[in-house]
Structure formats: C-alpha cells, structure tokens
Amino acid sequence: MEKIFTEFFEKSISASAVAIGPDYRLLRVNDAWVRLFGFTRDEAIGKTSVELGIVRDADLRARVFGRIGPSGTVTEMGLLLHDKAGRELHVLNNVTRLELDGKEYILSSMHDITEHKLADSQRRQHDASLLEELTQRERDVLKLAISGLSNKD
C-alpha cells in the first residue's frame, strides 16, 4: 500500500509537499512541485518555504497553519507564492495536518491559477476600456439596465 501511495503522490498533477513540524521543513516534494517552483528535490528537502523564498512573509505562513481548524484541513486557500526565479505564482492551496507516531506532518497540495488570474485581469482591463468608450447617454442607460429596469422603462 505504501508503494501505491508513493506512486500516486509522485505522479499527481497537483504540486504536493509533505513537511514535518514543528517548523514544517520539507520532507518530500513531488514532480509537479519541482516543475512549479523550479527547485530540485535536493535544494528543497530540509528547508522551509520561507527559507526557499516561496513564502516571502513568515506571518502568512503562520496564518495558513493557524487556519487549519478542528477538521485538520484547509481547502482552496488562495495564496501568492514565488518560484525559484522570483516569479509570482497564484495558487489554490489545500493543507491537511496529520499526527503520526507522535509527530506532526503537513500535506500541502497546490493548483497553479496564475494564468487564470492573468487572463481575468486582462479581461477586466478590456471590459473597463469598453466602458470608457461609451457615451454619457449609453452609460446612463447601462446604469438603469443594471438596476433592473427593462428596456421599455
């Protein structure tokens, strides 16, 4: 069974890491994590996310761990992280805390949404530019339509 878990962990499409408390140093990272952050396993293992520069704010890291409630899990927490080159990465992070043999572990699984954030930002900018092109009368009509009035009204 351990071999099955290892294979699923390594081949998962989500960037995943296992860290050990109390300071949550990385014990294991999967292939997707290596691709996302650009660190080799040897560079990552034994370090914290703050030491690697993935998390630039130690308080943010503490807040993430602090949000893990009684269920031991936080799901889809949006975070701004950084890769080895310093590029900003927007991720949805799922964190699960486990206690095994008296030791505390964290399993973190991330989904990179950087491209989605960029596309959304570009769409918003485009929408804003379209609104700027409207005449004042068209803006007035749009406000009325948004407020729920029909075209006839």
# chains A, B, ... in the order shown; residues from 1 in each chain; ligands from 1

$ residues_around --residues "Ile54 of chain A" --least-positions-apart "5" --cutoff "9 Å" --atoms "only C-alpha atoms" --output "list of chain:residue names"
A:Phe37, A:Thr48, A:Ser49, A:Leu80, A:Leu81, A:His82, A:Asp83, A:Lys84, A:Gly86

$ select_by_dssp --residues "segment 2-131 of chain A" --states "alpha helix (DSSP H)" --output "PDB file with N, CA and C atoms, in the first residue's frame"
ATOM      1  N   GLU A   2       1.987   1.225   0.707  1.00  0.00           N
ATOM      2  CA  GLU A   2       2.881   2.385   0.747  1.00  0.00           C
ATOM      3  C   GLU A   2       3.417   2.702  -0.652  1.00  0.00           C
ATOM      4  N   LYS A   3       3.712   1.663  -1.433  1.00  0.00           N
ATOM      5  CA  LYS A   3       4.204   1.869  -2.788  1.00  0.00           C
ATOM      6  C   LYS A   3       3.136   2.544  -3.650  1.00  0.00           C
ATOM      7  N   ILE A   4       1.874   2.164  -3.473  1.00  0.00           N
ATOM      8  CA  ILE A   4       0.779   2.776  -4.226  1.00  0.00           C
ATOM      9  C   ILE A   4       0.666   4.257  -3.868  1.00  0.00           C
ATOM     10  N   PHE A   5       0.691   4.567  -2.555  1.00  0.00           N
ATOM     11  CA  PHE A   5       0.619   5.963  -2.130  1.00  0.00           C
ATOM     12  C   PHE A   5       1.779   6.762  -2.709  1.00  0.00           C
ATOM     13  N   THR A   6       2.963   6.220  -2.658  1.00  0.00           N
ATOM     14  CA  THR A   6       4.152   6.907  -3.177  1.00  0.00           C
ATOM     15  C   THR A   6       3.997   7.219  -4.655  1.00  0.00           C
ATOM     16  N   GLU A   7       3.520   6.255  -5.432  1.00  0.00           N
ATOM     17  CA  GLU A   7       3.337   6.474  -6.870  1.00  0.00           C
ATOM     18  C   GLU A   7       2.281   7.539  -7.140  1.00  0.00           C
ATOM     19  N   PHE A   8       1.152   7.483  -6.414  1.00  0.00           N
ATOM     20  CA  PHE A   8       0.117   8.499  -6.588  1.00  0.00           C
ATOM     21  C   PHE A   8       0.645   9.882  -6.219  1.00  0.00           C
ATOM     22  N   PHE A   9       1.375   9.971  -5.126  1.00  0.00           N
ATOM     23  CA  PHE A   9       1.943  11.241  -4.673  1.00  0.00           C
ATOM     24  C   PHE A   9       2.898  11.800  -5.722  1.00  0.00           C
ATOM     25  N   GLU A  10       3.820  10.983  -6.180  1.00  0.00           N
ATOM     26  CA  GLU A  10       4.838  11.440  -7.129  1.00  0.00           C
ATOM     27  C   GLU A  10       4.239  11.868  -8.466  1.00  0.00           C
ATOM     28  N   LYS A  11       3.228  11.167  -8.933  1.00  0.00           N
ATOM     29  CA  LYS A  11       2.676  11.412 -10.268  1.00  0.00           C
ATOM     30  C   LYS A  11       1.449  12.333 -10.270  1.00  0.00           C
ATOM     31  N   ASP A  31       6.865  15.530  -8.340  1.00  0.00           N
ATOM     32  CA  ASP A  31       7.333  16.037  -9.633  1.00  0.00           C
ATOM     33  C   ASP A  31       6.667  17.363  -9.999  1.00  0.00           C
ATOM     34  N   ALA A  32       5.363  17.480  -9.763  1.00  0.00           N
ATOM     35  CA  ALA A  32       4.638  18.705 -10.102  1.00  0.00           C
ATOM     36  C   ALA A  32       5.131  19.876  -9.266  1.00  0.00           C
ATOM     37  N   TRP A  33       5.486  19.631  -8.011  1.00  0.00           N
ATOM     38  CA  TRP A  33       6.028  20.681  -7.146  1.00  0.00           C
ATOM     39  C   TRP A  33       7.366  21.166  -7.700  1.00  0.00           C
ATOM     40  N   VAL A  34       8.207  20.243  -8.100  1.00  0.00           N
ATOM     41  CA  VAL A  34       9.517  20.589  -8.676  1.00  0.00           C
ATOM     42  C   VAL A  34       9.327  21.442  -9.929  1.00  0.00           C
ATOM     43  N   ARG A  35       8.384  21.058 -10.793  1.00  0.00           N
ATOM     44  CA  ARG A  35       8.120  21.829 -12.016  1.00  0.00           C
ATOM     45  C   ARG A  35       7.569  23.219 -11.699  1.00  0.00           C
ATOM     46  N   LEU A  36       6.668  23.300 -10.730  1.00  0.00           N
ATOM     47  CA  LEU A  36       6.034  24.578 -10.402  1.00  0.00           C
ATOM     48  C   LEU A  36       7.026  25.567  -9.801  1.00  0.00           C
ATOM     49  N   PHE A  37       7.812  25.114  -8.845  1.00  0.00           N
ATOM     50  CA  PHE A  37       8.673  26.037  -8.109  1.00  0.00           C
ATOM     51  C   PHE A  37      10.097  26.137  -8.653  1.00  0.00           C
ATOM     52  N   ARG A  41      14.695  18.548  -5.875  1.00  0.00           N
ATOM     53  CA  ARG A  41      14.363  17.937  -4.591  1.00  0.00           C
ATOM     54  C   ARG A  41      15.477  18.174  -3.572  1.00  0.00           C
ATOM     55  N   ASP A  42      16.719  18.021  -4.015  1.00  0.00           N
ATOM     56  CA  ASP A  42      17.849  18.207  -3.099  1.00  0.00           C
ATOM     57  C   ASP A  42      17.897  19.625  -2.537  1.00  0.00           C
ATOM     58  N   GLU A  43      17.522  20.621  -3.355  1.00  0.00           N
ATOM     59  CA  GLU A  43      17.505  22.003  -2.873  1.00  0.00           C
ATOM     60  C   GLU A  43      16.379  22.229  -1.865  1.00  0.00           C
ATOM     61  N   ALA A  44      15.267  21.527  -2.032  1.00  0.00           N
ATOM     62  CA  ALA A  44      14.075  21.775  -1.230  1.00  0.00           C
ATOM     63  C   ALA A  44      14.044  21.008   0.086  1.00  0.00           C
ATOM     64  N   SER A  49       9.467  26.723   3.512  1.00  0.00           N
ATOM     65  CA  SER A  49       9.043  27.531   2.368  1.00  0.00           C
ATOM     66  C   SER A  49       9.561  28.965   2.476  1.00  0.00           C
ATOM     67  N   VAL A  50       9.743  29.453   3.694  1.00  0.00           N
ATOM     68  CA  VAL A  50      10.297  30.794   3.890  1.00  0.00           C
ATOM     69  C   VAL A  50      11.776  30.806   3.525  1.00  0.00           C
ATOM     70  N   GLU A  51      12.524  29.790   3.944  1.00  0.00           N
ATOM     71  CA  GLU A  51      13.949  29.710   3.607  1.00  0.00           C
ATOM     72  C   GLU A  51      14.164  29.640   2.095  1.00  0.00           C
ATOM     73  N   LEU A  52      13.258  28.977   1.395  1.00  0.00           N
ATOM     74  CA  LEU A  52      13.368  28.863  -0.060  1.00  0.00           C
ATOM     75  C   LEU A  52      12.886  30.125  -0.778  1.00  0.00           C
ATOM     76  N   ALA A  58       6.742  35.421   6.602  1.00  0.00           N
ATOM     77  CA  ALA A  58       6.624  34.362   7.605  1.00  0.00           C
ATOM     78  C   ALA A  58       5.272  34.416   8.310  1.00  0.00           C
ATOM     79  N   ASP A  59       4.693  35.609   8.449  1.00  0.00           N
ATOM     80  CA  ASP A  59       3.380  35.736   9.084  1.00  0.00           C
ATOM     81  C   ASP A  59       2.294  35.066   8.237  1.00  0.00           C
ATOM     82  N   LEU A  60       2.426  35.159   6.909  1.00  0.00           N
ATOM     83  CA  LEU A  60       1.469  34.486   6.026  1.00  0.00           C
ATOM     84  C   LEU A  60       1.501  32.989   6.275  1.00  0.00           C
ATOM     85  N   ARG A  61       2.688  32.457   6.365  1.00  0.00           N
ATOM     86  CA  ARG A  61       2.844  31.022   6.624  1.00  0.00           C
ATOM     87  C   ARG A  61       2.174  30.634   7.940  1.00  0.00           C
ATOM     88  N   ALA A  62       2.379  31.446   8.958  1.00  0.00           N
ATOM     89  CA  ALA A  62       1.762  31.176  10.263  1.00  0.00           C
ATOM     90  C   ALA A  62       0.234  31.266  10.169  1.00  0.00           C
ATOM     91  N   ARG A  63      -0.271  32.214   9.384  1.00  0.00           N
ATOM     92  CA  ARG A  63      -1.725  32.346   9.222  1.00  0.00           C
ATOM     93  C   ARG A  63      -2.309  31.125   8.513  1.00  0.00           C
ATOM     94  N   VAL A  64      -1.597  30.604   7.523  1.00  0.00           N
ATOM     95  CA  VAL A  64      -2.070  29.405   6.823  1.00  0.00           C
ATOM     96  C   VAL A  64      -2.210  28.260   7.819  1.00  0.00           C
ATOM     97  N   PHE A  65      -1.173  28.026   8.606  1.00  0.00           N
ATOM     98  CA  PHE A  65      -1.231  26.926   9.572  1.00  0.00           C
ATOM     99  C   PHE A  65      -2.257  27.205  10.660  1.00  0.00           C
ATOM    100  N   GLY A  66      -2.442  28.482  11.004  1.00  0.00           N
ATOM    101  CA  GLY A  66      -3.418  28.855  12.016  1.00  0.00           C
ATOM    102  C   GLY A  66      -4.856  28.651  11.573  1.00  0.00           C
ATOM    103  N   THR A 114      -2.147  30.959 -11.774  1.00  0.00           N
ATOM    104  CA  THR A 114      -1.507  32.191 -12.228  1.00  0.00           C
ATOM    105  C   THR A 114      -2.047  32.635 -13.578  1.00  0.00           C
ATOM    106  N   GLU A 115      -2.133  31.720 -14.531  1.00  0.00           N
ATOM    107  CA  GLU A 115      -2.621  32.078 -15.869  1.00  0.00           C
ATOM    108  C   GLU A 115      -4.081  32.511 -15.829  1.00  0.00           C
ATOM    109  N   HIS A 116      -4.881  31.882 -14.977  1.00  0.00           N
ATOM    110  CA  HIS A 116      -6.283  32.272 -14.834  1.00  0.00           C
ATOM    111  C   HIS A 116      -6.382  33.690 -14.278  1.00  0.00           C
ATOM    112  N   LYS A 117      -5.555  33.997 -13.289  1.00  0.00           N
ATOM    113  CA  LYS A 117      -5.551  35.343 -12.697  1.00  0.00           C
ATOM    114  C   LYS A 117      -5.151  36.376 -13.745  1.00  0.00           C
ATOM    115  N   LEU A 118      -4.138  36.065 -14.533  1.00  0.00           N
ATOM    116  CA  LEU A 118      -3.683  36.981 -15.572  1.00  0.00           C
ATOM    117  C   LEU A 118      -4.783  37.210 -16.612  1.00  0.00           C
ATOM    118  N   ALA A 119      -5.419  36.131 -17.054  1.00  0.00           N
ATOM    119  CA  ALA A 119      -6.496  36.246 -18.041  1.00  0.00           C
ATOM    120  C   ALA A 119      -7.657  37.055 -17.474  1.00  0.00           C
ATOM    121  N   ASP A 120      -7.984  36.835 -16.202  1.00  0.00           N
ATOM    122  CA  ASP A 120      -9.070  37.577 -15.563  1.00  0.00           C
ATOM    123  C   ASP A 120      -8.730  39.065 -15.491  1.00  0.00           C
ATOM    124  N   SER A 121      -7.506  39.375 -15.152  1.00  0.00           N
ATOM    125  CA  SER A 121      -7.062  40.762 -15.083  1.00  0.00           C
ATOM    126  C   SER A 121      -7.136  41.426 -16.456  1.00  0.00           C
ATOM    127  N   GLN A 122      -6.705  40.710 -17.477  1.00  0.00           N
ATOM    128  CA  GLN A 122      -6.760  41.247 -18.835  1.00  0.00           C
ATOM    129  C   GLN A 122      -8.204  41.459 -19.285  1.00  0.00           C
ATOM    130  N   ARG A 123      -9.077  40.522 -18.922  1.00  0.00           N
ATOM    131  CA  ARG A 123     -10.498  40.661 -19.270  1.00  0.00           C
ATOM    132  C   ARG A 123     -11.091  41.885 -18.582  1.00  0.00           C
ATOM    133  N   ARG A 124     -10.755  42.090 -17.325  1.00  0.00           N
ATOM    134  CA  ARG A 124     -11.273  43.255 -16.596  1.00  0.00           C
ATOM    135  C   ARG A 124     -10.782  44.559 -17.220  1.00  0.00           C
ATOM    136  N   GLN A 125      -9.513  44.584 -17.604  1.00  0.00           N
ATOM    137  CA  GLN A 125      -8.971  45.779 -18.251  1.00  0.00           C
ATOM    138  C   GLN A 125      -9.691  46.034 -19.578  1.00  0.00           C
ATOM    139  N   HIS A 126      -9.935  44.970 -20.316  1.00  0.00           N
ATOM    140  CA  HIS A 126     -10.649  45.098 -21.586  1.00  0.00           C
ATOM    141  C   HIS A 126     -12.064  45.623 -21.350  1.00  0.00           C
ATOM    142  N   ASP A 127     -12.743  45.051 -20.357  1.00  0.00           N
ATOM    143  CA  ASP A 127     -14.104  45.499 -20.041  1.00  0.00           C
ATOM    144  C   ASP A 127     -14.112  46.966 -19.637  1.00  0.00           C
ATOM    145  N   ALA A 128     -13.136  47.368 -18.852  1.00  0.00           N
ATOM    146  CA  ALA A 128     -13.052  48.770 -18.424  1.00  0.00           C
ATOM    147  C   ALA A 128     -12.832  49.692 -19.619  1.00  0.00           C
ATOM    148  N   SER A 129     -12.009  49.257 -20.563  1.00  0.00           N
ATOM    149  CA  SER A 129     -11.763  50.098 -21.739  1.00  0.00           C
ATOM    150  C   SER A 129     -13.023  50.209 -22.595  1.00  0.00           C
ATOM    151  N   LEU A 130     -13.818  49.144 -22.646  1.00  0.00           N
ATOM    152  CA  LEU A 130     -15.078  49.211 -23.393  1.00  0.00           C
ATOM    153  C   LEU A 130     -16.036  50.205 -22.748  1.00  0.00           C
ATOM    154  N   LEU A 131     -16.084  50.220 -21.426  1.00  0.00           N
ATOM    155  CA  LEU A 131     -16.964  51.162 -20.726  1.00  0.00           C
ATOM    156  C   LEU A 131     -16.540  52.603 -20.978  1.00  0.00           C
TER     157      LEU A 131
END

$ select_by_dssp --residues "segment 14-59 of chain A" --states "strand (DSSP E)" --output "ChimeraX atom specification"
/A:15-20,25-29

$ residues_around --residues "Leu98 of chain A" --least-positions-apart "4" --cutoff "10 Å" --atoms "only C-alpha atoms" --output "ChimeraX atom specification"
/A:20,72-73,102-107

$ atom_distance --atom1 "atom CA of Ser108 of chain A" --atom2 "atom CA of Asn93 of chain A"
6.8 Å

$ atom_distance --atom1 "atom CA of Arg25 of chain A" --atom2 "atom CA of Pro70 of chain A"
22.5 Å

$ residues_around --residues "Leu92 of chain A" --least-positions-apart "4" --cutoff "8 Å" --atoms "only C-alpha atoms" --output "number ranges by chain"
A: 75-79, 110-113

$ atom_distance --atom1 "atom CA of Leu144 of chain A" --atom2 "atom CA of Glu132 of chain A"
17.1 Å

$ closest_residue --among "A:Met1, A:Gly21, A:Ser16, A:Arg56" --to "Glu88 of chain A" --atoms "only C-alpha atoms"
A:Arg56
